[in-house]
Amino acid sequence: MTSKKINLSKILPVFLTFIVMGFVDIVGVSTGYVQKDFELSDTMAQFLPFMVFIWFFVFSIPVGVLQDKIGKKRMMNIGLVITLVGLLIPFVYYSFASALVAFIGIGIGNTIIQVAANPLLQEVVSKKKLSSSLSLAQFVKAITSLLGPILATYAAITYGDWKWVFIVYALVTLVSALWLSTTSIEENIKSETPASFRSCMQLLTNKFVLAMVIAIFLIVGADVGMNSNIQGFLMKLHGFSLEKASYGISIYFTALMISRFVGAILLQFLKPVFFLVTTTVLALAGILLIWFSTSGLMAQTGIFIVGLGAGNLFPLVFSIAINGMPTRANEISGLLVMAIVGGAVIPPIMGALSSSSGVTGSLLVLALCFVYMLVVPLFKNRDEVTGQ
């Protein structure tokens with residue numbers, strides 16, 4: 001693994017799958033358009049993001065088990081094809097029912113892509129470069145997430161149909177599937193024993209694996225919780241209007257992109273665990289700045305700092321986990337992607353505490369999520385955890 005040379009002809013098609021991975025975030029802007037098009041209630045409209053999120057919990061482990069049997073590249077192509085079908089449905093036939101079916105396909109496809117992408121990247125980059133490569137891949141994904149709403153709005157204004165964004169995404173997905181299919185990738189990292197649902201669940205008895213799964217659960221939960229509460233923080237703490245507060249979301253995503261790009265460079269030289277602790281402290285500093293902010297600018301600065309600190313936590317934990325037990329990468333990847341369901345659990349908790357104790361309660365939840373990241377280095381799995 002450590003002698004593996006950089007081979008762009010293999011790395012680039014894998015990186016393109018991370019761009020496709022970011023397409024799932026189109027559900028955010030799509031929900032608003034679908035709700036308007038079919039005059040849906042808020043409750044009915046929320047079935048769209050639910051149709052995406054639920055599959056992370058349902059399919060992640062089964063996909064990891066199947067991936068162990070048929071291979072990472074083949075599993076990835078299955079995910080790309082399912083995503084492609086899902087993207088085409090709203091453009092071929094558009095109704096609320098077809099939109100639900102489309103996002104079921106996009107959600108299942110994205111679940112498969114997320115399970116396969118990180119272990120597949122592990123096959124084409126060296127172990128020492130994995131953390132930085134994952135950060136760069138997440139940076140690419142973040143750009144896609146930002147462009148989705150812009151493309152949909154442009155299509156709606158210019159062509160009178162926001163759904164053209166699905167055609168653009170479908171074409172990129174098709175290119176990704178064809179490019180990956182024609183790329184030869186040797187999958188040398190094999191499981192010690194055949195993976196099964198039982199073997200995946202048994203991994204949770206390993207303190208190292210359980211700690212990594214909890215970490216991903218909290219990281220994603222904190223990220224979604226932060227993103228969905230930024231407007232509330234600025235409105236409640238400093239009296240911002242909804243429109244002005246919405247810019248805070250752009251500040252956060254901009255910081256995430258900068259963080260991941262810089263992280264991809266710094267992780268060429270720094271050990272993953274050291275970088276994990278350092279950036280976690282930075283995120284906590286941002287939370288405190290929001291908490292004790294005396295002006296809107298101070299709070300926005302805190303939001304930016306949280307983004308800088310949180311941007312690399314997901315790829316860092318992922319790389320530490322699969323580097324710690326590389327021969328169980330398929331099973332661990334399934335467990336970690338399943339933990340993405342934290343994004344559906346932490347925000348409601350923040351909302352409940354915010355209702356009872358104000359912004360302080362929701363900020364406290366975020367702070368506790370980040371504090372846990374400082375505990376992660378204590379759960380080492382031999383020297384491999386440090387990236388040595």
# chains A, B, ... in the order shown; residues from 1 in each chain; ligands from 1
>>> closest_atom_pairs(of="range 130-179 of chain A", to="range 307-331 of chain A", cutoff="7 Å", atoms="only C-alpha atoms", output="CSV")
residue,atom,partner,partner_atom,distance
A:Leu130,CA,A:Ser319,CA,6.4
A:Ser131,CA,A:Ser319,CA,5.4
A:Leu134,CA,A:Pro315,CA,5.3
A:Ser135,CA,A:Pro315,CA,5.6
>>> select_by_dssp(residues="range 162-234 of chain A", states="alpha helix (DSSP H)", output="count of residues only")
53
>>> residues_around(residues="Lys141 in chain A", least_positions_apart="5", cutoff="7 Å", atoms="only C-alpha atoms", output="list in words")
Phe18, Ile19, Met21 and Gly22 of chain A
>>> write_last_selection(atoms="C-alpha atoms", output="PDB file, in the first residue's frame")
ATOM      1  CA  PHE A  18     -17.589  11.969  -5.346  1.00  0.00           C
ATOM      2  CA  ILE A  19     -19.065  14.673  -7.579  1.00  0.00           C
ATOM      3  CA  MET A  21     -22.214  11.750  -4.505  1.00  0.00           C
ATOM      4  CA  GLY A  22     -22.884  15.467  -4.031  1.00  0.00           C
TER       5      GLY A  22
END
>>> closest_residue(among="A:Leu136, A:Leu12, A:Ile150, A:Ile61", to="Val124 in chain A", atoms="only C-alpha atoms")
A:Leu12
>>> residues_around(residues="Leu378 in chain A", least_positions_apart="3", cutoff="10 Å", atoms="only C-alpha atoms", output="number ranges by chain")
A: 208, 211, 273, 373-375, 381
>>> residues_around(residues="Met51 in chain A", least_positions_apart="4", cutoff="12 Å", atoms="only C-alpha atoms", output="PyMOL selection string")
chain A and resi 24+27+31+44-47+55-58+86+97-111+344
>>> atom_distance(atom1="CA of Ala137 in chain A", atom2="CA of Ala339 in chain A")
19.4 Å
>>> residues_around(residues="range 255-258 of chain A", least_positions_apart="3", cutoff="7 Å", atoms="only C-alpha atoms", output="mmCIF file with C-alpha atoms, in the first residue's frame")
data_model
loop_
_atom_site.group_PDB
_atom_site.id
_atom_site.type_symbol
_atom_site.label_atom_id
_atom_site.label_comp_id
_atom_site.auth_asym_id
_atom_site.auth_seq_id
_atom_site.Cartn_x
_atom_site.Cartn_y
_atom_site.Cartn_z
ATOM 1 C CA PHE A 139 -14.021 19.435 -1.129
ATOM 2 C CA ALA A 142 -18.964 20.402 -1.372
ATOM 3 C CA ILE A 251 -20.728 31.552 4.936
ATOM 4 C CA TYR A 252 -20.746 28.089 6.489
ATOM 5 C CA PHE A 261 -9.093 22.230 0.222
ATOM 6 C CA VAL A 262 -6.544 23.372 2.807
ATOM 7 C CA PHE A 304 -17.155 30.632 9.510
ATOM 8 C CA GLY A 307 -17.009 25.508 9.146
ATOM 9 C CA LEU A 308 -13.213 25.703 9.027
ATOM 10 C CA GLY A 311 -14.864 20.581 7.297
#
>>> closest_residue(among="A:Tyr33, A:Phe197, A:Tyr93, A:Tyr372", to="Trp162 in chain A", atoms="only C-alpha atoms")
A:Tyr33
>>> closest_residue(among="A:Leu121, A:Leu335, A:Leu147, A:Ile26", to="Lys163 in chain A", atoms="only C-alpha atoms")
A:Ile26
>>> atom_distance(atom1="CA of Asp25 in chain A", atom2="CA of Ser145 in chain A")
5.6 Å
>>> atom_distance(atom1="CA of Val125 in chain A", atom2="CA of Lys271 in chain A")
16.3 Å
>>> residues_around(residues="range 222-229 of chain A", least_positions_apart="3", cutoff="10 Å", atoms="only C-alpha atoms", output="ChimeraX atom specification")
/A:216-219,232-235,248-250,252-253,287,303,306-307,310-311,313-314,342-351,354,359,362-363,365-370
>>> write_last_selection(atoms="N, CA and C atoms", output="short mmCIF file (atom, residue, chain, number, x, y, z; two decimals), in the first residue's frame")
data_model
loop_
_atom_site.label_atom_id
_atom_site.label_comp_id
_atom_site.auth_asym_id
_atom_site.auth_seq_id
_atom_site.Cartn_x
_atom_site.Cartn_y
_atom_site.Cartn_z
N ILE A 216 -18.92 9.36 13.48
CA ILE A 216 -19.57 9.74 12.22
C ILE A 216 -21.02 10.17 12.49
N PHE A 217 -21.71 9.43 13.36
CA PHE A 217 -23.08 9.77 13.73
C PHE A 217 -23.15 11.22 14.24
N LEU A 218 -22.21 11.58 15.11
CA LEU A 218 -22.22 12.91 15.72
C LEU A 218 -21.72 13.98 14.75
N ILE A 219 -20.73 13.65 13.91
CA ILE A 219 -20.20 14.61 12.94
C ILE A 219 -21.29 15.02 11.96
N GLY A 232 -31.71 30.41 12.37
CA GLY A 232 -32.28 30.61 13.70
C GLY A 232 -31.32 31.28 14.65
N PHE A 233 -30.03 30.87 14.60
CA PHE A 233 -29.03 31.49 15.46
C PHE A 233 -28.97 33.00 15.22
N LEU A 234 -28.87 33.39 13.96
CA LEU A 234 -28.69 34.80 13.64
C LEU A 234 -29.97 35.61 13.89
N MET A 235 -31.12 35.00 13.65
CA MET A 235 -32.38 35.70 13.87
C MET A 235 -32.67 35.89 15.36
N GLY A 248 -25.90 33.39 6.13
CA GLY A 248 -25.05 32.65 7.05
C GLY A 248 -24.77 31.23 6.59
N ILE A 249 -25.74 30.63 5.87
CA ILE A 249 -25.55 29.28 5.34
C ILE A 249 -24.44 29.28 4.29
N SER A 250 -24.43 30.31 3.44
CA SER A 250 -23.37 30.43 2.43
C SER A 250 -22.01 30.60 3.10
N TYR A 252 -21.13 29.40 5.94
CA TYR A 252 -20.75 28.09 6.49
C TYR A 252 -20.23 27.17 5.38
N PHE A 253 -20.93 27.08 4.26
CA PHE A 253 -20.50 26.20 3.17
C PHE A 253 -19.20 26.67 2.54
N ILE A 287 -18.03 27.66 17.99
CA ILE A 287 -19.29 27.52 18.73
C ILE A 287 -19.34 28.51 19.88
N ILE A 303 -19.57 31.33 12.86
CA ILE A 303 -20.10 30.34 11.91
C ILE A 303 -19.01 29.93 10.93
N VAL A 306 -16.50 27.67 12.70
CA VAL A 306 -17.04 26.32 12.87
C VAL A 306 -16.87 25.54 11.58
N GLY A 307 -17.18 26.17 10.43
CA GLY A 307 -17.01 25.51 9.15
C GLY A 307 -15.57 25.12 8.88
N ALA A 310 -14.89 22.10 11.21
CA ALA A 310 -15.67 20.88 10.99
C ALA A 310 -15.46 20.25 9.62
N GLY A 311 -14.93 21.02 8.69
CA GLY A 311 -14.86 20.58 7.30
C GLY A 311 -14.19 19.24 7.05
N LEU A 313 -13.58 16.77 9.47
CA LEU A 313 -13.81 15.74 10.48
C LEU A 313 -14.33 14.44 9.89
N PHE A 314 -15.28 14.52 8.95
CA PHE A 314 -15.83 13.31 8.34
C PHE A 314 -14.76 12.51 7.60
N GLY A 342 -27.32 9.96 11.64
CA GLY A 342 -27.21 10.96 12.69
C GLY A 342 -27.71 12.32 12.25
N GLY A 343 -27.66 12.56 10.92
CA GLY A 343 -28.17 13.81 10.38
C GLY A 343 -29.67 13.95 10.52
N ALA A 344 -30.35 12.84 10.78
CA ALA A 344 -31.80 12.89 10.98
C ALA A 344 -32.17 12.86 12.46
N VAL A 345 -31.18 12.63 13.33
CA VAL A 345 -31.45 12.47 14.76
C VAL A 345 -31.04 13.70 15.57
N ILE A 346 -29.84 14.22 15.31
CA ILE A 346 -29.32 15.33 16.11
C ILE A 346 -30.13 16.62 15.93
N PRO A 347 -30.50 17.03 14.70
CA PRO A 347 -31.26 18.28 14.55
C PRO A 347 -32.56 18.33 15.34
N PRO A 348 -33.39 17.25 15.37
CA PRO A 348 -34.60 17.32 16.20
C PRO A 348 -34.29 17.50 17.69
N ILE A 349 -33.20 16.91 18.14
CA ILE A 349 -32.79 17.09 19.54
C ILE A 349 -32.45 18.55 19.78
N MET A 350 -31.71 19.13 18.83
CA MET A 350 -31.37 20.56 18.95
C MET A 350 -32.64 21.40 18.95
N GLY A 351 -33.60 21.04 18.10
CA GLY A 351 -34.85 21.79 18.03
C GLY A 351 -35.63 21.73 19.32
N SER A 354 -33.87 23.81 21.87
CA SER A 354 -34.00 25.23 21.53
C SER A 354 -35.36 25.76 21.95
N VAL A 359 -31.49 29.29 22.18
CA VAL A 359 -30.33 28.98 21.35
C VAL A 359 -29.24 28.26 22.14
N SER A 362 -29.41 24.39 21.84
CA SER A 362 -28.96 23.80 20.58
C SER A 362 -27.46 23.94 20.39
N LEU A 363 -26.90 25.06 20.83
CA LEU A 363 -25.44 25.23 20.74
C LEU A 363 -24.71 24.25 21.65
N VAL A 365 -25.69 21.21 22.32
CA VAL A 365 -25.68 19.92 21.62
C VAL A 365 -24.53 19.87 20.62
N LEU A 366 -24.37 20.95 19.85
CA LEU A 366 -23.26 21.01 18.89
C LEU A 366 -21.91 20.89 19.60
N ALA A 367 -21.77 21.62 20.70
CA ALA A 367 -20.51 21.59 21.44
C ALA A 367 -20.19 20.17 21.93
N LEU A 368 -21.19 19.47 22.44
CA LEU A 368 -20.98 18.11 22.94
C LEU A 368 -20.60 17.16 21.81
N CYS A 369 -21.18 17.35 20.63
CA CYS A 369 -20.81 16.52 19.47
C CYS A 369 -19.33 16.69 19.14
N PHE A 370 -18.87 17.94 19.16
CA PHE A 370 -17.47 18.21 18.84
C PHE A 370 -16.54 17.75 19.96
#
>>> closest_residue(among="A:Glu123, A:Leu284, A:Phe269, A:Val81", to="Glu187 in chain A", atoms="only C-alpha atoms")
A:Glu123
